[in-house]
Every structure is written in structure tokens, then in C-alpha cells.
Amino acid sequence: MAKASEFLEARDLTRSFGGVLAVNSVSFSVGEGELRGLIGPNGAGKSTLFHLISGHFYPDKGSLSFYGGHIEHKSPAARAKMGISITFQAVHLFSGMTVLENVMVGAHTWTKHEWIEASFRLPRCRREERSIREKAMWALEMVGLDGYKDYLAETLPLGRQRALQIARALCGMPKLLLLDEPASGLRGDERRELLSLLEKLHENALTMILIEHDVDFVTQVAERITVLDQGQVIAEGTPDEIRNDPLVISAYLGTAISHEVI
Ligand SMILES: Nc1ncnc2c1ncn2[C@@H]1O[C@H](COP(=O)(O)OP(=O)(O)OP(=O)(O)O)[C@@H](O)[C@H]1O
Ligand SMILES: [Mg+2]
């Protein structure tokens, strides 16, 4: 199993938008099999940091290594092929497509050459489609949506749409899954279902980083939590250390972090 510094390591990652330093010299590492929490007030830079890891944004400076190799200049497709998957903060579904079809799209990290083969339906592509369908069914079973595979995706309630997003990411057989606020807007029972799904994925040794606003939710699953504020890491530690960290408390301007949504 790769050590933290050999699995995912960010050094001095920095990205600004115009005059806004969204991510400011962030260094941190995540170990293989870990479930890391990533918290911080609105606009702290959490989603930007995810996009720097997934390749949807490139850093202005700094480095990012995955399994010991530099990836900061690789495309999102190349990073997806290496095993980095992301579920976005907003739910993106293909309406008019079934749950199964929506998940199968997640596995299409094809090259241009493979797309040309696919359009001619060559035997290799038919085999590939079969294998994608099998992976998609496995992913739907993992998230408990196999019974809904033929439903139109947009007809599912929010909790199941979020599970569908996770299934889509799982279909690419990731080694690192980035989850951007998967619990946001969910009801109590939906949050409990999500929690047990995260526990199950964690037991299956999938490495995950979870962005979440509700500290109680994060502390139930994450072993360590990294806190961002104004683009910088202000704390990192166990859930107990984070709850009692004065910098974290003041970042939330006196919000009681023990039992409230922050
Ligand atoms: N594409 C962009 N163009 C311009 N500014 C951006 C862009 N993306 C993010 N920002 C700015 O960067 C800062 C960090 O935003 P980011 O979305 O990463 O924060 P966040 O921690 O995910 O916030 P939230 O909890 O609200 O999701 C904010 O000031 C935001 O307005
Ligand atoms: Mg965000």
C-alpha cells in the first residue's frame, strides 16, 4: 500500500481567478485507503482544490503527485484513466437517459481512436460495451440502485441522484474518489444511507476525499480532516483536534462547530 506521500501529495498548489486567490499555497497528502474530510466556509477554495486534483483546473504554481508521478499538467481525461474520479457539487444527469445509461457514460474515458472504432461498432467496441455494462451494473449494486437501472434518471429523488453520481464515478474503477458535498440538501434518512455507502466504500479500501459542510457528518466517517479558509490550509487533524482548534472555530466566526451545520 502506498504511503501518504506516495499516493496523493500536493505541494504549494496555487490558483487564482482574476484577483481572487482561490487556492493559496496548499500542501497536503492523503494515504491510500484513507477517507479524508475537507471542510471550510463558503468560498474557502474546496471545490477549486478538487478541480486542481481532477485536472479541470490547472495550478498557477505548485505540484501534485499521484503514485509518485507528477500529474499537475495532465488532462482531466488522463487523470481519470489513472484512477481519479470526481462527483461535482451540482448534480449533472443526462435527462432522457436511464439510470444504467447515465452510469455507463462514467466509464467512457475513451481516446479519439477508440471513439472512431466505436462509431463503426467494431467487435472490440462491442466487447468493450459489454464490459462497461458489467461495470455499471456492479457500480449500481454497490450504491444500492440496481433495482432502478431502467428508470429515467431525472425521476429519482435527490438522494438517489447523488448515489447515481457516485455510481457513475465508480464505473470508471477509480483509485481516488473526490466527493464534492454529496450530502448537501439530503433528508435525514438519505444522509444515513449516504453515510453507510461511504462506510462500505471505505471498507472496500477506496481512497476518498469528502467535502462537507456538516462537521457531524464528516466526523462520523473521516479519520482525518483538512480545513481550508480563504484558500489556505488552517488546520489538519483528527475530528477531535479539529473541533477544538481555535483557528477553525474563529474561521467559522463563533459558530458552535460541535453540533451545528457550518
Ligand atoms: N471559475 C471561477 N471563476 C472565478 N472565480 C472563481 C471560479 N471558481 C471559484 N472562484 C472563486 O474562488 C473562490 C473559491 O471558490 P470555491 O468554489 O473553490 O469555494 P468552496 O470552498 O468550494 O465554496 P462552497 O462551500 O460555497 O462550495 C471563491 O471566491 C470563488 O468565487
Ligand atoms: Mg464548493
# chains A, B, ... in the order shown; residues from 1 in each chain; ligands from 1
>>> residues_around(residues="Ser47 of chain A", least_positions_apart="6", cutoff="10 Å", atoms="only C-alpha atoms", output="number ranges by chain")
A: 22-23, 38, 53, 88-89, 178-181, 211
>>> residues_near_ligand(ligand="ligand 2", cutoff="10 Å", atoms="only C-alpha atoms and all ligand atoms", output="number ranges by chain")
A: 39-50, 88-90, 180-181, 211-213
>>> atom_distance(atom1="atom CA of Leu170 of chain A", atom2="atom CA of Leu93 of chain A")
15.2 Å
>>> residues_around(residues="Gln232 of chain A", least_positions_apart="5", cutoff="7 Å", atoms="only C-alpha atoms", output="ChimeraX atom specification")
/A:23-26
>>> write_last_selection(atoms="C-alpha atoms", output="PDB file, in the first residue's frame")
ATOM      1  CA  VAL A  23      -6.242  28.163  -3.532  1.00  0.00           C
ATOM      2  CA  ASN A  24      -3.165  29.642  -1.897  1.00  0.00           C
ATOM      3  CA  SER A  25      -0.065  27.525  -1.469  1.00  0.00           C
ATOM      4  CA  VAL A  26      -1.853  24.371  -0.320  1.00  0.00           C
TER       5      VAL A  26
END
>>> closest_residue(among="A:Ser75, A:Gln230, A:Ser65, A:Thr238", to="ligand 1", atoms="only C-alpha atoms and all ligand atoms")
A:Gln230
>>> closest_residue(among="A:Ala139, A:Leu152, A:Ile234, A:Ala183", to="Met97 of chain A", atoms="only C-alpha atoms")
A:Leu152
>>> residues_around(residues="Glu203 of chain A", least_positions_apart="4", cutoff="9 Å", atoms="only C-alpha atoms", output="list in words")
Gly33, Leu198 and Glu199 of chain A
>>> closest_residue(among="A:Leu145, A:Leu197, A:Val215, A:Val20", to="ligand 1", atoms="only C-alpha atoms and all ligand atoms")
A:Val20
>>> closest_residue(among="A:Gly18, A:Gly37, A:Pro174, A:Gly69", to="Asp214 of chain A", atoms="only C-alpha atoms")
A:Gly37
>>> select_by_dssp(residues="segment 94-262 of chain A", states="strand (DSSP E or B)", output="MDAnalysis selection string")
chainID A and resid 98 152 176:180 207:211 214 224:229 232:237 261
>>> write_last_selection(atoms="C-alpha atoms", output="PDB file, in the first residue's frame")
ATOM      1  CA  THR A  98     -31.903   5.665 -17.913  1.00  0.00           C
ATOM      2  CA  LEU A 152     -35.263   7.660 -16.151  1.00  0.00           C
ATOM      3  CA  LEU A 176      -9.198   8.070  -5.696  1.00  0.00           C
ATOM      4  CA  LEU A 177     -12.751   9.394  -5.438  1.00  0.00           C
ATOM      5  CA  LEU A 178     -13.355  13.111  -4.864  1.00  0.00           C
ATOM      6  CA  LEU A 179     -16.829  13.764  -3.437  1.00  0.00           C
ATOM      7  CA  ASP A 180     -17.940  17.403  -3.536  1.00  0.00           C
ATOM      8  CA  THR A 207      -9.413   6.256  -1.109  1.00  0.00           C
ATOM      9  CA  MET A 208     -11.808   9.214  -0.832  1.00  0.00           C
ATOM     10  CA  ILE A 209     -11.756  12.914  -0.092  1.00  0.00           C
ATOM     11  CA  LEU A 210     -15.109  14.205   1.116  1.00  0.00           C
ATOM     12  CA  ILE A 211     -16.087  17.867   1.038  1.00  0.00           C
ATOM     13  CA  ASP A 214     -21.829  19.431   8.293  1.00  0.00           C
ATOM     14  CA  ARG A 224      -8.590  12.968   9.427  1.00  0.00           C
ATOM     15  CA  ILE A 225      -9.934  16.328   8.386  1.00  0.00           C
ATOM     16  CA  THR A 226      -8.214  19.135   6.482  1.00  0.00           C
ATOM     17  CA  VAL A 227      -9.636  22.634   6.972  1.00  0.00           C
ATOM     18  CA  LEU A 228      -9.381  25.325   4.304  1.00  0.00           C
ATOM     19  CA  ASP A 229     -10.067  29.001   4.874  1.00  0.00           C
ATOM     20  CA  GLN A 232      -5.192  28.136   2.793  1.00  0.00           C
ATOM     21  CA  VAL A 233      -4.947  25.050   4.985  1.00  0.00           C
ATOM     22  CA  ILE A 234      -5.547  26.366   8.516  1.00  0.00           C
ATOM     23  CA  ALA A 235      -5.731  23.011  10.313  1.00  0.00           C
ATOM     24  CA  GLU A 236      -5.443  19.298   9.819  1.00  0.00           C
ATOM     25  CA  GLY A 237      -6.052  16.538  12.311  1.00  0.00           C
ATOM     26  CA  VAL A 261     -24.063  22.811  10.326  1.00  0.00           C
TER      27      VAL A 261
END
>>> closest_residue(among="A:Tyr58, A:Phe94, A:Trp138, A:Phe66", to="ligand 1", atoms="only C-alpha atoms and all ligand atoms")
A:Tyr58
>>> select_by_dssp(residues="segment 33-248 of chain A", states="helix (DSSP H, G or I)", output="JSON, numbers by chain")
{"A": [46, 47, 48, 49, 50, 51, 52, 53, 54, 76, 77, 78, 79, 80, 81, 82, 99, 100, 101, 102, 103, 104, 105, 112, 113, 114, 115, 116, 117, 118, 119, 123, 124, 125, 126, 127, 128, 129, 130, 131, 132, 133, 134, 135, 136, 137, 138, 139, 140, 141, 142, 146, 147, 148, 153, 154, 155, 158, 159, 160, 161, 162, 163, 164, 165, 166, 167, 168, 169, 170, 171, 188, 189, 190, 191, 192, 193, 194, 195, 196, 197, 198, 199, 200, 201, 202, 203, 215, 216, 217, 218, 219, 220, 221, 239, 240, 241, 242, 243, 246, 247, 248]}
>>> residues_around(residues="Met173 of chain A", least_positions_apart="2", cutoff="9 Å", atoms="only C-alpha atoms", output="number ranges by chain")
A: 83-85, 107, 135, 139, 169-171, 175
>>> atom_distance(atom1="atom CA of Thr219 of chain A", atom2="atom 27 (O, counted along the ligand's line) of ligand 1")
18.8 Å
>>> atom_distance(atom1="atom CA of Gly147 of chain A", atom2="atom CA of Gly159 of chain A")
15.0 Å
>>> residues_around(residues="Arg11 of chain A", least_positions_apart="6", cutoff="8 Å", atoms="only C-alpha atoms", output="list in words")
Ser25, Val26, Ser27, Phe28, Gly62, Ser63 and Leu64 of chain A
>>> closest_residue(among="A:Leu206, A:Glu129, A:Gly96, A:Val91", to="Pro157 of chain A", atoms="only C-alpha atoms")
A:Val91
